[in-house]
Amino acid sequence: MRVRIRFTKVGKVRFISHRDVARIWERAFRRAGIAVAYSQGFSPRPKLSFGLALSTGHESDAEYLDVDLVDERYGTTDAWGEQGTAGMDLAGALTAVLPEGMDVVAVAPIAKGDSLQQAVVSCTWAVEVDGVGRTDVDAWVADVLSRKEIVVERERKGKPVVEDLRPQVLALRVDEESGTTSRVRLLADLGTQPRALRPTELLVAVDPPLVARSVRRMNQWMSQGADREEPLTVAVAPAPPTTESA
């Protein structure tokens, strides 16, 4: 049975790399005594499939992992039925062996299909910027939203590549609960296809560049017609307004 797990990555654990997070999860399943399916071949590996990588140093309320279980306690339909407690038991067993700051907040069986990296089309980010007042950040946001393109040049595989970041900025605003002098917080919906736009990339792409004090991924979104939904949320949320009308 394939199971999707939603977990957090907050606090000191944010400095652990994506590759090390994968190792932590492999160890967590072993420590919790939960049987996971393994790949075939010369060097079998547990069948764990992670969502979009989170940059080291960033926090998240919405990280995802798909895993194929062969454990009899969790691998049957009855265990997840109306009276089943598999989800609660699995979440508790894993959280108990994960490091502080990594907590399982949701778990559910899923059908096999597209990987999370293919299914997720955007992410919502909360970005706290440092040393800039609310008025300046408001002006910066207005500048970003008024632009038809945000062209940047970068090097990829040893060759210069020109990209337009503007189509990936789906929504952008200042959190109304932000302070008025410093540490103003931006809320941004950024696209992930064909390549995920990182918040820190956007901050330095438009003059004057902004400096992030903290970055936190709040949501990951999959497309659901004209709306969007989270990978483990049944309720569908309205799609963000287009930046042209923001």
# chains A, B, ... in the order shown; residues from 1 in each chain; ligands from 1
>>> select_by_dssp(residues="segment 5-212 of chain A", states="strand (DSSP E or B)", output="ChimeraX atom specification")
/A:5-9,36,38,46,48-50,59-69,104-109,120-129,151-156,159-164,169-174,184-191,212
>>> select_by_dssp(residues="segment 5-242 of chain A", states="alpha helix (DSSP H)", output="ChimeraX atom specification")
/A:18-32,86-95,116-119,134-146,199-205
>>> residues_around(residues="segment 45-52 of chain A", least_positions_apart="2", cutoff="7 Å", atoms="only C-alpha atoms", output="PyMOL selection string")
chain A and resi 36-39+43+54+63-68+116-117
>>> write_last_selection(atoms="N, CA and C atoms", output="PDB file, in the first residue's frame")
ATOM      1  N   VAL A  36       8.941  -1.425   5.057  1.00  0.00           N
ATOM      2  CA  VAL A  36       8.821  -0.655   3.824  1.00  0.00           C
ATOM      3  C   VAL A  36       9.261  -1.520   2.652  1.00  0.00           C
ATOM      4  N   ALA A  37       8.603  -1.379   1.506  1.00  0.00           N
ATOM      5  CA  ALA A  37       8.998  -2.114   0.314  1.00  0.00           C
ATOM      6  C   ALA A  37      10.340  -1.599  -0.191  1.00  0.00           C
ATOM      7  N   TYR A  38      11.116  -2.500  -0.798  1.00  0.00           N
ATOM      8  CA  TYR A  38      12.436  -2.148  -1.339  1.00  0.00           C
ATOM      9  C   TYR A  38      12.456  -2.361  -2.843  1.00  0.00           C
ATOM     10  N   SER A  39      13.291  -1.584  -3.506  1.00  0.00           N
ATOM     11  CA  SER A  39      13.482  -1.747  -4.947  1.00  0.00           C
ATOM     12  C   SER A  39      14.273  -3.023  -5.216  1.00  0.00           C
ATOM     13  N   SER A  43      21.575  -2.936  -5.675  1.00  0.00           N
ATOM     14  CA  SER A  43      21.602  -2.128  -4.452  1.00  0.00           C
ATOM     15  C   SER A  43      20.190  -1.682  -4.101  1.00  0.00           C
ATOM     16  N   LEU A  54      13.423  21.194  -0.494  1.00  0.00           N
ATOM     17  CA  LEU A  54      13.385  22.443   0.249  1.00  0.00           C
ATOM     18  C   LEU A  54      14.812  22.922   0.447  1.00  0.00           C
ATOM     19  N   GLU A  63       5.794  19.564   3.988  1.00  0.00           N
ATOM     20  CA  GLU A  63       6.672  18.673   3.235  1.00  0.00           C
ATOM     21  C   GLU A  63       5.952  17.341   3.040  1.00  0.00           C
ATOM     22  N   TYR A  64       6.245  16.658   1.927  1.00  0.00           N
ATOM     23  CA  TYR A  64       5.517  15.433   1.603  1.00  0.00           C
ATOM     24  C   TYR A  64       6.460  14.291   1.242  1.00  0.00           C
ATOM     25  N   LEU A  65       5.991  13.106   1.570  1.00  0.00           N
ATOM     26  CA  LEU A  65       6.727  11.878   1.301  1.00  0.00           C
ATOM     27  C   LEU A  65       5.729  10.784   0.947  1.00  0.00           C
ATOM     28  N   ASP A  66       5.973  10.085  -0.157  1.00  0.00           N
ATOM     29  CA  ASP A  66       5.189   8.904  -0.513  1.00  0.00           C
ATOM     30  C   ASP A  66       6.032   7.667  -0.227  1.00  0.00           C
ATOM     31  N   VAL A  67       5.428   6.671   0.390  1.00  0.00           N
ATOM     32  CA  VAL A  67       6.168   5.463   0.758  1.00  0.00           C
ATOM     33  C   VAL A  67       5.304   4.238   0.501  1.00  0.00           C
ATOM     34  N   ASP A  68       5.914   3.174   0.005  1.00  0.00           N
ATOM     35  CA  ASP A  68       5.231   1.895  -0.194  1.00  0.00           C
ATOM     36  C   ASP A  68       5.449   1.030   1.041  1.00  0.00           C
ATOM     37  N   LEU A 116       4.946  13.428  -6.714  1.00  0.00           N
ATOM     38  CA  LEU A 116       4.675  14.738  -6.134  1.00  0.00           C
ATOM     39  C   LEU A 116       5.373  15.841  -6.919  1.00  0.00           C
ATOM     40  N   GLN A 117       6.574  15.580  -7.397  1.00  0.00           N
ATOM     41  CA  GLN A 117       7.311  16.599  -8.133  1.00  0.00           C
ATOM     42  C   GLN A 117       6.603  16.970  -9.428  1.00  0.00           C
TER      43      GLN A 117
END
>>> residues_around(residues="Pro167 of chain A", least_positions_apart="6", cutoff="12 Å", atoms="only C-alpha atoms", output="list of chain:residue names")
A:Ser122, A:Val144, A:Leu145, A:Arg147, A:Lys148, A:Glu149, A:Ile150, A:Val151, A:Asp189, A:Leu190, A:Gly191, A:Thr192, A:Gln193, A:Pro194, A:Arg195, A:Ala196, A:Leu197, A:Leu202, A:Thr242, A:Thr243, A:Glu244
>>> closest_residue(among="A:Ser55, A:Ala142, A:Gly131, A:Ala106", to="Arg19 of chain A", atoms="only C-alpha atoms")
A:Ser55
>>> atom_distance(atom1="atom CA of Asp114 of chain A", atom2="atom CA of Glu229 of chain A")
15.0 Å
>>> residues_around(residues="Arg213 of chain A", least_positions_apart="4", cutoff="7 Å", atoms="only C-alpha atoms", output="list in words")
Glu128, Val129 and Asp130 of chain A
>>> closest_residue(among="A:Ala53, A:Ala22, A:Val206, A:Leu94", to="Val120 of chain A", atoms="only C-alpha atoms")
A:Ala53
>>> residues_around(residues="Arg185 of chain A", least_positions_apart="2", cutoff="8 Å", atoms="only C-alpha atoms", output="number ranges by chain")
A: 126-129, 174-175, 178, 183, 187
>>> closest_residue(among="A:Val121, A:Val70, A:Val21, A:Ile5", to="Ser223 of chain A", atoms="only C-alpha atoms")
A:Val121
>>> atom_distance(atom1="atom CA of Ala91 of chain A", atom2="atom CA of Val107 of chain A")
6.7 Å
>>> decode(residues="segment 16-52 of chain A", atoms="N, CA and C atoms", output="PDB file, in the first residue's frame")
ATOM      1  N   ILE A  16      19.325  20.998   7.916  1.00  0.00           N
ATOM      2  CA  ILE A  16      19.638  19.675   7.372  1.00  0.00           C
ATOM      3  C   ILE A  16      19.288  19.656   5.884  1.00  0.00           C
ATOM      4  N   SER A  17      20.185  19.146   5.065  1.00  0.00           N
ATOM      5  CA  SER A  17      19.974  19.136   3.621  1.00  0.00           C
ATOM      6  C   SER A  17      18.886  18.144   3.219  1.00  0.00           C
ATOM      7  N   HIS A  18      18.393  18.304   2.000  1.00  0.00           N
ATOM      8  CA  HIS A  18      17.353  17.414   1.478  1.00  0.00           C
ATOM      9  C   HIS A  18      17.835  15.962   1.465  1.00  0.00           C
ATOM     10  N   ARG A  19      19.088  15.759   1.086  1.00  0.00           N
ATOM     11  CA  ARG A  19      19.628  14.391   1.054  1.00  0.00           C
ATOM     12  C   ARG A  19      19.684  13.789   2.454  1.00  0.00           C
ATOM     13  N   ASP A  20      20.052  14.593   3.429  1.00  0.00           N
ATOM     14  CA  ASP A  20      20.106  14.081   4.799  1.00  0.00           C
ATOM     15  C   ASP A  20      18.710  13.830   5.356  1.00  0.00           C
ATOM     16  N   VAL A  21      17.721  14.617   4.912  1.00  0.00           N
ATOM     17  CA  VAL A  21      16.337  14.360   5.319  1.00  0.00           C
ATOM     18  C   VAL A  21      15.902  12.979   4.837  1.00  0.00           C
ATOM     19  N   ALA A  22      16.293  12.619   3.617  1.00  0.00           N
ATOM     20  CA  ALA A  22      15.957  11.289   3.098  1.00  0.00           C
ATOM     21  C   ALA A  22      16.581  10.202   3.972  1.00  0.00           C
ATOM     22  N   ARG A  23      17.818  10.401   4.390  1.00  0.00           N
ATOM     23  CA  ARG A  23      18.466   9.415   5.271  1.00  0.00           C
ATOM     24  C   ARG A  23      17.762   9.342   6.615  1.00  0.00           C
ATOM     25  N   ILE A  24      17.327  10.469   7.142  1.00  0.00           N
ATOM     26  CA  ILE A  24      16.608  10.491   8.418  1.00  0.00           C
ATOM     27  C   ILE A  24      15.337   9.660   8.321  1.00  0.00           C
ATOM     28  N   TRP A  25      14.610   9.793   7.190  1.00  0.00           N
ATOM     29  CA  TRP A  25      13.374   9.042   7.041  1.00  0.00           C
ATOM     30  C   TRP A  25      13.637   7.538   6.918  1.00  0.00           C
ATOM     31  N   GLU A  26      14.670   7.155   6.201  1.00  0.00           N
ATOM     32  CA  GLU A  26      15.001   5.731   6.108  1.00  0.00           C
ATOM     33  C   GLU A  26      15.277   5.169   7.498  1.00  0.00           C
ATOM     34  N   ARG A  27      16.035   5.934   8.285  1.00  0.00           N
ATOM     35  CA  ARG A  27      16.351   5.495   9.639  1.00  0.00           C
ATOM     36  C   ARG A  27      15.113   5.490  10.526  1.00  0.00           C
ATOM     37  N   ALA A  28      14.217   6.454  10.328  1.00  0.00           N
ATOM     38  CA  ALA A  28      13.012   6.534  11.152  1.00  0.00           C
ATOM     39  C   ALA A  28      12.132   5.303  10.970  1.00  0.00           C
ATOM     40  N   PHE A  29      11.961   4.854   9.722  1.00  0.00           N
ATOM     41  CA  PHE A  29      11.154   3.657   9.492  1.00  0.00           C
ATOM     42  C   PHE A  29      11.781   2.432  10.160  1.00  0.00           C
ATOM     43  N   ARG A  30      13.106   2.340  10.104  1.00  0.00           N
ATOM     44  CA  ARG A  30      13.774   1.209  10.761  1.00  0.00           C
ATOM     45  C   ARG A  30      13.595   1.278  12.273  1.00  0.00           C
ATOM     46  N   ARG A  31      13.801   2.469  12.844  1.00  0.00           N
ATOM     47  CA  ARG A  31      13.692   2.612  14.299  1.00  0.00           C
ATOM     48  C   ARG A  31      12.272   2.361  14.786  1.00  0.00           C
ATOM     49  N   ALA A  32      11.285   2.730  13.975  1.00  0.00           N
ATOM     50  CA  ALA A  32       9.889   2.528  14.362  1.00  0.00           C
ATOM     51  C   ALA A  32       9.420   1.105  14.087  1.00  0.00           C
ATOM     52  N   GLY A  33      10.261   0.306  13.424  1.00  0.00           N
ATOM     53  CA  GLY A  33       9.892  -1.071  13.123  1.00  0.00           C
ATOM     54  C   GLY A  33       8.787  -1.180  12.105  1.00  0.00           C
ATOM     55  N   ILE A  34       8.754  -0.280  11.141  1.00  0.00           N
ATOM     56  CA  ILE A  34       7.714  -0.258  10.110  1.00  0.00           C
ATOM     57  C   ILE A  34       8.300  -0.796   8.813  1.00  0.00           C
ATOM     58  N   ALA A  35       7.708  -1.859   8.281  1.00  0.00           N
ATOM     59  CA  ALA A  35       8.239  -2.520   7.093  1.00  0.00           C
ATOM     60  C   ALA A  35       7.902  -1.728   5.841  1.00  0.00           C
ATOM     61  N   VAL A  36       8.941  -1.425   5.057  1.00  0.00           N
ATOM     62  CA  VAL A  36       8.821  -0.655   3.824  1.00  0.00           C
ATOM     63  C   VAL A  36       9.261  -1.520   2.652  1.00  0.00           C
ATOM     64  N   ALA A  37       8.603  -1.379   1.506  1.00  0.00           N
ATOM     65  CA  ALA A  37       8.998  -2.114   0.314  1.00  0.00           C
ATOM     66  C   ALA A  37      10.340  -1.599  -0.191  1.00  0.00           C
ATOM     67  N   TYR A  38      11.116  -2.500  -0.798  1.00  0.00           N
ATOM     68  CA  TYR A  38      12.436  -2.148  -1.339  1.00  0.00           C
ATOM     69  C   TYR A  38      12.456  -2.361  -2.843  1.00  0.00           C
ATOM     70  N   SER A  39      13.291  -1.584  -3.506  1.00  0.00           N
ATOM     71  CA  SER A  39      13.482  -1.747  -4.947  1.00  0.00           C
ATOM     72  C   SER A  39      14.273  -3.023  -5.216  1.00  0.00           C
ATOM     73  N   GLN A  40      14.245  -3.449  -6.475  1.00  0.00           N
ATOM     74  CA  GLN A  40      14.993  -4.627  -6.890  1.00  0.00           C
ATOM     75  C   GLN A  40      16.373  -4.194  -7.386  1.00  0.00           C
ATOM     76  N   GLY A  41      17.226  -5.165  -7.644  1.00  0.00           N
ATOM     77  CA  GLY A  41      18.515  -4.849  -8.241  1.00  0.00           C
ATOM     78  C   GLY A  41      19.682  -5.080  -7.307  1.00  0.00           C
ATOM     79  N   PHE A  42      20.839  -4.626  -7.760  1.00  0.00           N
ATOM     80  CA  PHE A  42      22.095  -4.883  -7.045  1.00  0.00           C
ATOM     81  C   PHE A  42      22.132  -4.145  -5.707  1.00  0.00           C
ATOM     82  N   SER A  43      21.575  -2.936  -5.675  1.00  0.00           N
ATOM     83  CA  SER A  43      21.602  -2.128  -4.452  1.00  0.00           C
ATOM     84  C   SER A  43      20.190  -1.682  -4.101  1.00  0.00           C
ATOM     85  N   PRO A  44      19.384  -2.566  -3.492  1.00  0.00           N
ATOM     86  CA  PRO A  44      17.981  -2.225  -3.184  1.00  0.00           C
ATOM     87  C   PRO A  44      17.882  -1.058  -2.219  1.00  0.00           C
ATOM     88  N   ARG A  45      16.901  -0.200  -2.471  1.00  0.00           N
ATOM     89  CA  ARG A  45      16.663   0.960  -1.629  1.00  0.00           C
ATOM     90  C   ARG A  45      15.193   0.994  -1.216  1.00  0.00           C
ATOM     91  N   PRO A  46      14.884   1.544  -0.042  1.00  0.00           N
ATOM     92  CA  PRO A  46      13.473   1.651   0.359  1.00  0.00           C
ATOM     93  C   PRO A  46      12.718   2.536  -0.623  1.00  0.00           C
ATOM     94  N   LYS A  47      11.477   2.183  -0.902  1.00  0.00           N
ATOM     95  CA  LYS A  47      10.677   2.916  -1.881  1.00  0.00           C
ATOM     96  C   LYS A  47      10.056   4.151  -1.220  1.00  0.00           C
ATOM     97  N   LEU A  48      10.874   5.188  -1.156  1.00  0.00           N
ATOM     98  CA  LEU A  48      10.456   6.480  -0.633  1.00  0.00           C
ATOM     99  C   LEU A  48      10.545   7.494  -1.765  1.00  0.00           C
ATOM    100  N   SER A  49       9.514   8.292  -1.938  1.00  0.00           N
ATOM    101  CA  SER A  49       9.497   9.298  -2.999  1.00  0.00           C
ATOM    102  C   SER A  49       9.134  10.654  -2.382  1.00  0.00           C
ATOM    103  N   PHE A  50      10.081  11.585  -2.438  1.00  0.00           N
ATOM    104  CA  PHE A  50       9.886  12.884  -1.806  1.00  0.00           C
ATOM    105  C   PHE A  50       9.327  13.900  -2.791  1.00  0.00           C
ATOM    106  N   GLY A  51       8.699  14.930  -2.229  1.00  0.00           N
ATOM    107  CA  GLY A  51       8.203  16.028  -3.037  1.00  0.00           C
ATOM    108  C   GLY A  51       9.323  16.987  -3.390  1.00  0.00           C
ATOM    109  N   LEU A  52       8.959  18.220  -3.683  1.00  0.00           N
ATOM    110  CA  LEU A  52       9.927  19.224  -4.097  1.00  0.00           C
ATOM    111  C   LEU A  52      10.952  19.460  -2.996  1.00  0.00           C
TER     112      LEU A  52
END
